[in-house]
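Chemist: Sharing a structure here in structure tokens format.
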Amino acid sequence: MNNENIAKIGMVSLGCPKNQCDAELMLDKITRAGFPLVSEPGLADVVIINTCGFIQSAKEEAIAEILEAVSRKSDGFNKKIIVTGCLAQRYKAQMEDEFPEVDAILGIGKNDDIVEAVHSVLLDKKISAFTEPEELNMEGGRLLSTLSHYAYLRIADGCNNRCSYCAIPLIRGEFRSRKIENIISEARELAQKGVKELILVAQDTTSYGIDLYNEYKLPELLNRLCEIEDIKWIRIMYCYPEKITDELISVIKKQEKIAKYMDIPIQHCNGEILRAMNRSKNEQSLRELINKLRKEIDGVIIRTTVIAGFPGETEEQFTELAEFLNDMNFERLGCFAYSEEEDTKAAEFEFQVDPKERLHRSEIINEQQEIRMGEFYNSLIGREYEVVVEGYDRLFEMYFGRSYMFAPEIDGMIYFTGKNLQISDFVNVKITDVVDNNLIGEVVT
């Protein structure tokens with residue numbers, strides 16, 4: 001390629017919002033270097049695949065994307081392939097052997113070198129660059145890939161919790177918080193760009209600040225963020241149950257801008273299973289926490305995740321989990337079949353549950369949750385909620401959007417009728433019906 005500066009760059013970013021933040025930081029660097037971006041990977045001269053490597057299904061998705069790019073390359077479309085992200089970080093030793101067609105592989109600590117990597121592959125130089133994951137730079141400009149009215153705001157990376165089933169500390173390294181002033185500065189910049197909803201993400205948001213300030217600083221950070229005039233909603237994801245303090249509950253309760261929505265991955269309720277997972281709660285303490293949140297925070301929506309088929313989980317322990325979830329009646333819940341991840345302690349445990357049984361158990365809980373969610377949605381008929389418009393469905397001739405009860409990309413949408421609305425408008429919607437576990441409504445004035 002004679003003129004590398006006219007090379008078109010495409011990116012496929014997989015996995016969680018933290019990975020998406022990494023992608024947005026890299027995209028900003030690429031555009032500042034003068035490279036044009038294309039949204040369709042097949043049209044790119046250089047395709048960057050920002051991978052996830054958390055569980056088996058995520059790894060399979062990432063590998064499929066790489067193989068698709070390799071196929072396009074052999075057909076003369078993608079000329080160069082760069083792989084970044086968690087899969088690259090986790091399997092750096094295998095990547096070169098398994099994918100010789102890939103031109104550059106960057107560990108997450110080398111994301112800042114993405115422009116240099118693009119220049120190198122365009123000069124037919126192969127790159128394999130890695131360093132410690134703690135060297136990942138969380139600061140800098142971002143090219144947002146979300147709708148204009150919301151953005152993810154990463155407050156920390158890495159994890160120190162050492163859950164026995166989880167590979168995140170192996171991939172992302174030790175927990176490390178961003179400075180409060182850096183987060184506030186970025187939030188103000190996002191607000192100036194028109195962002196109305198900030199979604200706070202980290203592997204463990206409730207640990208925010210412990211490494212920098214020797215105390216949990218999420219409540220203080222939230223209060224500071226609420227002072228930003230143009231921000232309307234602040235949503236908190238990835239709260240660990242054992243670190244939800246009375247101070248945090250009080251801030252969420254009192255601050256109007258904070259969405260009354262808490263994402264609390266509990267993973268299980270049985271004390272023996274939780275101890276094997278290296279988690280500190282038990283069924284009684286979890287019940288007390290959930291009941292306290294519902295008592296203190298009016299209208300709170302609680303999202304959780306659980307794992308079915310963890311090593312050693314008996315039929316009785318699974319039944320206990322299913323009954324607990326039915327009692328607690330979570331508004332949002334996802335159940336995952338246990339994924340046996342190499343180099344984690346749980347992978348070495350005896351009495352691994354048969355993979356088909358893991359999947360069967362997860363399907364049972366997810367099916368039960370569908371029933372509970374349907375009942376919850378039917379209880380909302382007749383109520384009004386503030387909703388942000390996110391699009392228009394031409395097939396059903398209805399707008400769709402989210403209230404505070406819906407986090408982007410994971411909780412679905414409310415569908416409603418209205419006139420002359422634009423994406424990012426906030427409107428009041430009255431819920432009139434539930435169809436296939438979708439809320440249906442109409443704009444009211």
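Ordering of the structure tokens sets the chain letters (A, B, ...); residue numbers start at 1 within each chain; ligands are numbered from 1 in the order shown.
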Write out as CSV a residue-level contact list of segment 284-305 of chain A versus segment 238-261 of chain A with cut-off 8 Å: for each qualifying residue the closest pair of atoms and the distance in Å to one decimal, counting only C-alpha atoms, rows sorted by chain and residue number upward.

Modeler:
```
residue,atom,partner,partner_atom,distance
A:Leu286,CA,A:Pro241,CA,7.6
A:Leu289,CA,A:Pro241,CA,7.7
A:Leu293,CA,A:Ile249,CA,7.3
A:Glu296,CA,A:Lys253,CA,6.9
A:Ile297,CA,A:Lys253,CA,5.2
A:Asp298,CA,A:Lys253,CA,7.7
A:Gly299,CA,A:Lys260,CA,6.7
A:Val300,CA,A:Lys260,CA,4.7
A:Ile301,CA,A:Tyr261,CA,4.6
A:Ile302,CA,A:Tyr261,CA,5.9
A:Arg303,CA,A:Tyr261,CA,7.6
```

Chemist: Using DSSP on the backbone coordinates, identify all residues within segment 170-396 of chain A classified as strand (DSSP E); present the result as number ranges by chain.

Modeler: A: 176-177, 197-201, 233-236, 258-263, 301-308, 332-337, 384-393

Chemist: Run DSSP on the backbone and grab whatever in segment 74-250 of chain A lands in alpha helix (DSSP H); send it over as a PyMOL selection string.

Modeler: chain A and resi 74+86-90+92-98+114-122+168-172+180-192+210-213+218-226+246-250

Chemist: Using only C-alpha atoms, which protein or nucleic acid residues come within 9 Å of Ile231 of chain A? Drop anything in the same chain fewer than 2 positions from it, and give the result as a ChimeraX atom specification.

Modeler: /A:187-188,190-191,194-198,225-229,233-234,257

Chemist: Please write the residues from the selection above to a file, keeping all heavy atoms, as a CSV table (one decimal), in the first residue's frame.

Modeler:
```csv
chain,number,residue,atom,x,y,z
A,187,ALA,N,-16.0,13.1,33.0
A,187,ALA,CA,-17.5,13.2,33.1
A,187,ALA,C,-18.0,14.6,32.6
A,187,ALA,O,-19.0,14.7,31.9
A,187,ALA,CB,-18.0,12.9,34.5
A,188,ARG,N,-17.2,15.6,32.9
A,188,ARG,CA,-17.6,17.0,32.5
A,188,ARG,C,-17.5,17.1,31.0
A,188,ARG,O,-18.3,17.7,30.3
A,188,ARG,CB,-16.8,18.0,33.2
A,188,ARG,CG,-17.1,18.1,34.7
A,188,ARG,CD,-16.3,19.3,35.3
A,188,ARG,NE,-16.5,19.4,36.7
A,188,ARG,CZ,-17.6,19.8,37.3
A,188,ARG,NH1,-18.6,20.3,36.6
A,188,ARG,NH2,-17.7,19.8,38.7
A,190,LEU,N,-17.7,14.6,28.8
A,190,LEU,CA,-18.8,13.9,28.2
A,190,LEU,C,-20.1,14.7,28.3
A,190,LEU,O,-20.9,14.7,27.3
A,190,LEU,CB,-19.0,12.5,29.0
A,190,LEU,CG,-17.9,11.5,28.8
A,190,LEU,CD1,-18.0,10.3,29.8
A,190,LEU,CD2,-17.8,11.0,27.4
A,191,ALA,N,-20.4,15.3,29.4
A,191,ALA,CA,-21.6,16.2,29.5
A,191,ALA,C,-21.6,17.3,28.4
A,191,ALA,O,-22.6,17.6,27.8
A,191,ALA,CB,-21.7,16.7,30.9
A,194,GLY,N,-22.9,16.2,25.2
A,194,GLY,CA,-24.3,15.9,25.1
A,194,GLY,C,-24.7,14.6,25.8
A,194,GLY,O,-25.8,14.2,25.7
A,195,VAL,N,-23.8,14.0,26.5
A,195,VAL,CA,-24.1,12.8,27.2
A,195,VAL,C,-25.0,13.1,28.4
A,195,VAL,O,-24.6,14.1,29.2
A,195,VAL,CB,-22.8,12.1,27.7
A,195,VAL,CG1,-23.1,11.0,28.7
A,195,VAL,CG2,-22.0,11.5,26.5
A,196,LYS,N,-26.1,12.4,28.6
A,196,LYS,CA,-27.0,12.6,29.7
A,196,LYS,C,-27.0,11.5,30.7
A,196,LYS,O,-27.4,11.8,31.9
A,196,LYS,CB,-28.4,12.7,29.1
A,196,LYS,CG,-28.6,13.9,28.1
A,196,LYS,CD,-28.4,15.2,28.8
A,196,LYS,CE,-28.7,16.4,27.8
A,196,LYS,NZ,-28.4,17.7,28.5
A,197,GLU,N,-26.5,10.4,30.3
A,197,GLU,CA,-26.4,9.2,31.3
A,197,GLU,C,-25.0,8.7,31.4
A,197,GLU,O,-24.4,8.3,30.3
A,197,GLU,CB,-27.4,8.1,30.8
A,197,GLU,CG,-27.4,6.9,31.7
A,197,GLU,CD,-28.3,5.8,31.2
A,197,GLU,OE1,-28.8,5.9,30.1
A,197,GLU,OE2,-28.4,4.8,31.9
A,198,LEU,N,-24.5,8.7,32.6
A,198,LEU,CA,-23.2,8.1,32.8
A,198,LEU,C,-23.4,6.7,33.4
A,198,LEU,O,-24.2,6.5,34.4
A,198,LEU,CB,-22.4,8.9,33.8
A,198,LEU,CG,-22.0,10.3,33.3
A,198,LEU,CD1,-21.3,11.1,34.5
A,198,LEU,CD2,-21.1,10.3,32.1
A,225,LEU,N,-20.1,13.5,41.0
A,225,LEU,CA,-20.7,13.4,39.7
A,225,LEU,C,-22.1,14.0,39.6
A,225,LEU,O,-22.5,14.6,38.6
A,225,LEU,CB,-20.8,11.9,39.3
A,225,LEU,CG,-19.4,11.2,39.0
A,225,LEU,CD1,-19.6,9.7,38.8
A,225,LEU,CD2,-18.8,11.8,37.7
A,226,CYS,N,-22.8,13.9,40.7
A,226,CYS,CA,-24.2,14.5,40.7
A,226,CYS,C,-24.2,16.1,40.6
A,226,CYS,O,-25.2,16.7,40.3
A,226,CYS,CB,-24.9,14.1,42.0
A,226,CYS,SG,-25.5,12.4,42.0
A,227,GLU,N,-23.0,16.6,40.9
A,227,GLU,CA,-22.9,18.1,40.8
A,227,GLU,C,-22.8,18.6,39.4
A,227,GLU,O,-22.9,19.8,39.1
A,227,GLU,CB,-21.7,18.6,41.6
A,227,GLU,CG,-21.8,18.3,43.1
A,227,GLU,CD,-20.5,18.6,43.8
A,227,GLU,OE1,-19.5,19.0,43.2
A,227,GLU,OE2,-20.4,18.4,45.1
A,228,ILE,N,-22.5,17.7,38.4
A,228,ILE,CA,-22.4,18.1,37.0
A,228,ILE,C,-23.8,18.4,36.5
A,228,ILE,O,-24.6,17.5,36.4
A,228,ILE,CB,-21.7,17.0,36.2
A,228,ILE,CG1,-20.3,16.7,36.8
A,228,ILE,CG2,-21.6,17.4,34.7
A,228,ILE,CD1,-19.6,15.6,36.2
A,229,GLU,N,-24.0,19.6,36.1
A,229,GLU,CA,-25.3,20.1,35.8
A,229,GLU,C,-26.0,19.4,34.7
A,229,GLU,O,-27.2,19.0,34.8
A,229,GLU,CB,-25.3,21.6,35.5
A,229,GLU,CG,-26.6,22.3,35.2
A,229,GLU,CD,-26.5,23.8,35.0
A,229,GLU,OE1,-25.4,24.3,35.2
A,229,GLU,OE2,-27.5,24.4,34.6
A,233,TRP,N,-28.9,11.1,34.4
A,233,TRP,CA,-28.9,9.8,35.1
A,233,TRP,C,-27.5,9.4,35.3
A,233,TRP,O,-26.6,9.5,34.5
A,233,TRP,CB,-29.6,8.8,34.2
A,233,TRP,CG,-31.0,8.9,34.1
A,233,TRP,CD1,-31.9,9.7,34.8
A,233,TRP,CD2,-31.9,8.2,33.1
A,233,TRP,NE1,-33.2,9.5,34.3
A,233,TRP,CE2,-33.2,8.6,33.3
A,233,TRP,CE3,-31.6,7.2,32.1
A,233,TRP,CZ2,-34.3,8.1,32.6
A,233,TRP,CZ3,-32.7,6.8,31.4
A,233,TRP,CH2,-34.0,7.2,31.6
A,234,ILE,N,-27.3,8.7,36.5
A,234,ILE,CA,-26.0,8.1,36.8
A,234,ILE,C,-26.4,6.6,37.2
A,234,ILE,O,-27.1,6.4,38.1
A,234,ILE,CB,-25.2,8.8,37.9
A,234,ILE,CG1,-24.9,10.2,37.5
A,234,ILE,CG2,-24.0,8.0,38.3
A,234,ILE,CD1,-24.3,11.0,38.6
A,257,LYS,N,-30.3,12.1,40.8
A,257,LYS,CA,-29.7,11.8,39.5
A,257,LYS,C,-29.2,10.3,39.5
A,257,LYS,O,-29.1,9.8,38.4
A,257,LYS,CB,-28.5,12.7,39.2
A,257,LYS,CG,-28.9,14.1,38.9
A,257,LYS,CD,-27.6,14.9,38.5
A,257,LYS,CE,-28.0,16.4,38.1
A,257,LYS,NZ,-26.9,17.1,37.6
```

Chemist: Compile the contact shell of Phe318 of chain A as an MDAnalysis selection string: residues with an atom at most 8 Å away, counting only C-alpha atoms, same-chain residues fewer than 3 positions apart removed.

Modeler: chainID A and resid 308:309 313:315 321:322 361

Chemist: So that I have them on file, write out the residues from the current selection with C-alpha atoms, as a short mmCIF file (atom, residue, chain, number, x, y, z; two decimals), in the first residue's frame.

Modeler:
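The new file result34.cif reads:
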```cif
data_model
loop_
_atom_site.label_atom_id
_atom_site.label_comp_id
_atom_site.auth_asym_id
_atom_site.auth_seq_id
_atom_site.Cartn_x
_atom_site.Cartn_y
_atom_site.Cartn_z
CA ALA A 308 -25.46 -22.88 37.83
CA GLY A 309 -23.47 -26.09 37.92
CA GLU A 313 -23.16 -28.20 43.31
CA THR A 314 -25.65 -30.87 44.36
CA GLU A 315 -29.25 -31.13 43.26
CA LEU A 321 -30.66 -21.46 44.64
CA ALA A 322 -33.80 -21.72 42.52
CA ARG A 361 -29.77 -26.03 35.32
#
```

Chemist: What's around Val444 of chain A at 7 Å? Count only C-alpha atoms, leave out sequence neighbours fewer than 5 positions away in its own chain, and write the answer as a PyMOL selection string.

Modeler: chain A and resi 428-430

Chemist: Can you tell me, as a PDB file with N, CA and C atoms, in the first residue's frame, what residues are no more than 8 Å from Ser403 of chain A when counting only C-alpha atoms, ignoring any on the same chain fewer than 2 positions away?

Modeler:
```
ATOM      1  N   TYR A 385     -43.481   6.428  33.310  1.00  0.00           N
ATOM      2  CA  TYR A 385     -42.044   6.493  33.531  1.00  0.00           C
ATOM      3  C   TYR A 385     -41.401   7.456  32.533  1.00  0.00           C
ATOM      4  N   GLU A 386     -40.334   8.086  32.989  1.00  0.00           N
ATOM      5  CA  GLU A 386     -39.538   8.907  32.072  1.00  0.00           C
ATOM      6  C   GLU A 386     -38.672   7.970  31.248  1.00  0.00           C
ATOM      7  N   VAL A 387     -38.703   8.166  29.932  1.00  0.00           N
ATOM      8  CA  VAL A 387     -38.019   7.260  29.009  1.00  0.00           C
ATOM      9  C   VAL A 387     -37.170   8.072  28.047  1.00  0.00           C
ATOM     10  N   VAL A 388     -35.960   7.597  27.779  1.00  0.00           N
ATOM     11  CA  VAL A 388     -35.118   8.222  26.768  1.00  0.00           C
ATOM     12  C   VAL A 388     -35.318   7.479  25.454  1.00  0.00           C
ATOM     13  N   GLY A 401     -37.229   2.796  23.743  1.00  0.00           N
ATOM     14  CA  GLY A 401     -36.276   3.487  24.605  1.00  0.00           C
ATOM     15  C   GLY A 401     -36.205   2.846  25.977  1.00  0.00           C
ATOM     16  N   MET A 405     -35.177   1.734  34.699  1.00  0.00           N
ATOM     17  CA  MET A 405     -35.191   0.303  34.982  1.00  0.00           C
ATOM     18  C   MET A 405     -34.388  -0.517  33.980  1.00  0.00           C
ATOM     19  N   PHE A 406     -33.906   0.127  32.920  1.00  0.00           N
ATOM     20  CA  PHE A 406     -33.254  -0.595  31.829  1.00  0.00           C
ATOM     21  C   PHE A 406     -31.831  -0.091  31.622  1.00  0.00           C
ATOM     22  N   ILE A 414     -38.503  -0.402  26.191  1.00  0.00           N
ATOM     23  CA  ILE A 414     -39.926  -0.116  26.234  1.00  0.00           C
ATOM     24  C   ILE A 414     -40.317   0.359  24.836  1.00  0.00           C
TER      25      ILE A 414
END
```

Chemist: I'd like the interatomic distance between atom CA of Val427 of chain A and atom CA of Gln369 of chain A, to a tenth of an Å.

Modeler: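 The value is 28.9 Å.
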
Chemist: Which of these, A:His268, A:Lys419, A:Arg287, A:Lys126, has the shortest distance to Thr305 of chain A once you count only C-alpha atoms?

Modeler: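 Looking only at the distances to Thr305 of chain A, the closest residue turns out to be A:His268.
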
Chemist: How many Å separate atom CA of Gly334 of chain A from atom CA of Ile431 of chain A?

Modeler: 24.1 Å

Chemist: Using only C-alpha atoms, determine which residues lie at most 8 Å from segment 340-348 of chain A, disregarding the query and same-chain residues fewer than 6 positions distant; provide the list as a ChimeraX atom specification.

Modeler: /A:55-56,164-167,276-277,311

Chemist: When distances are computed from only C-alpha atoms, which of A:Thr131, A:Gly209, A:Tyr404, A:Leu106 shows the smallest separation from Met262 of chain A?

Modeler: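 Between A:Thr131, A:Gly209, A:Tyr404, A:Leu106, the residue approaching Met262 of chain A most closely is A:Tyr404.
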
Chemist: Could you check the closest approach to Glu134 of chain A for each of A:Ala88, A:Ile171, A:Met373, A:Met11 and tell me which residue wins, using only C-alpha atoms?

Modeler: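 Of A:Ala88, A:Ile171, A:Met373, A:Met11, the one nearest Glu134 of chain A, counting only C-alpha atoms, is A:Ile171.
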
Chemist: Can you tell me how far atom CA of Ala69 of chain A sits from atom CA of Ile168 of chain A, in Å to one decimal?

Modeler: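 A separation of 26.1 Å between them.
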
Chemist: Using only C-alpha atoms, which residue out of A:Asp436, A:Glu370, A:Glu181, A:Glu283 lies closest to Met328 of chain A?

Modeler: A:Glu283

Chemist: Return the single residue from A:Ile364, A:Arg294, A:Ser13, A:Gln422 that is closest to Ser145 of chain A, with distances computed using only C-alpha atoms.

Modeler: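 For Ser145 of chain A, the nearest of the candidates is A:Ser13.
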
Chemist: From the options A:Leu200, A:Ser39, A:Lys356, A:Lys8, which residue's atoms come nearest to Ala407 of chain A, counting only C-alpha atoms?

Modeler: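 Closest candidate: A:Leu200.
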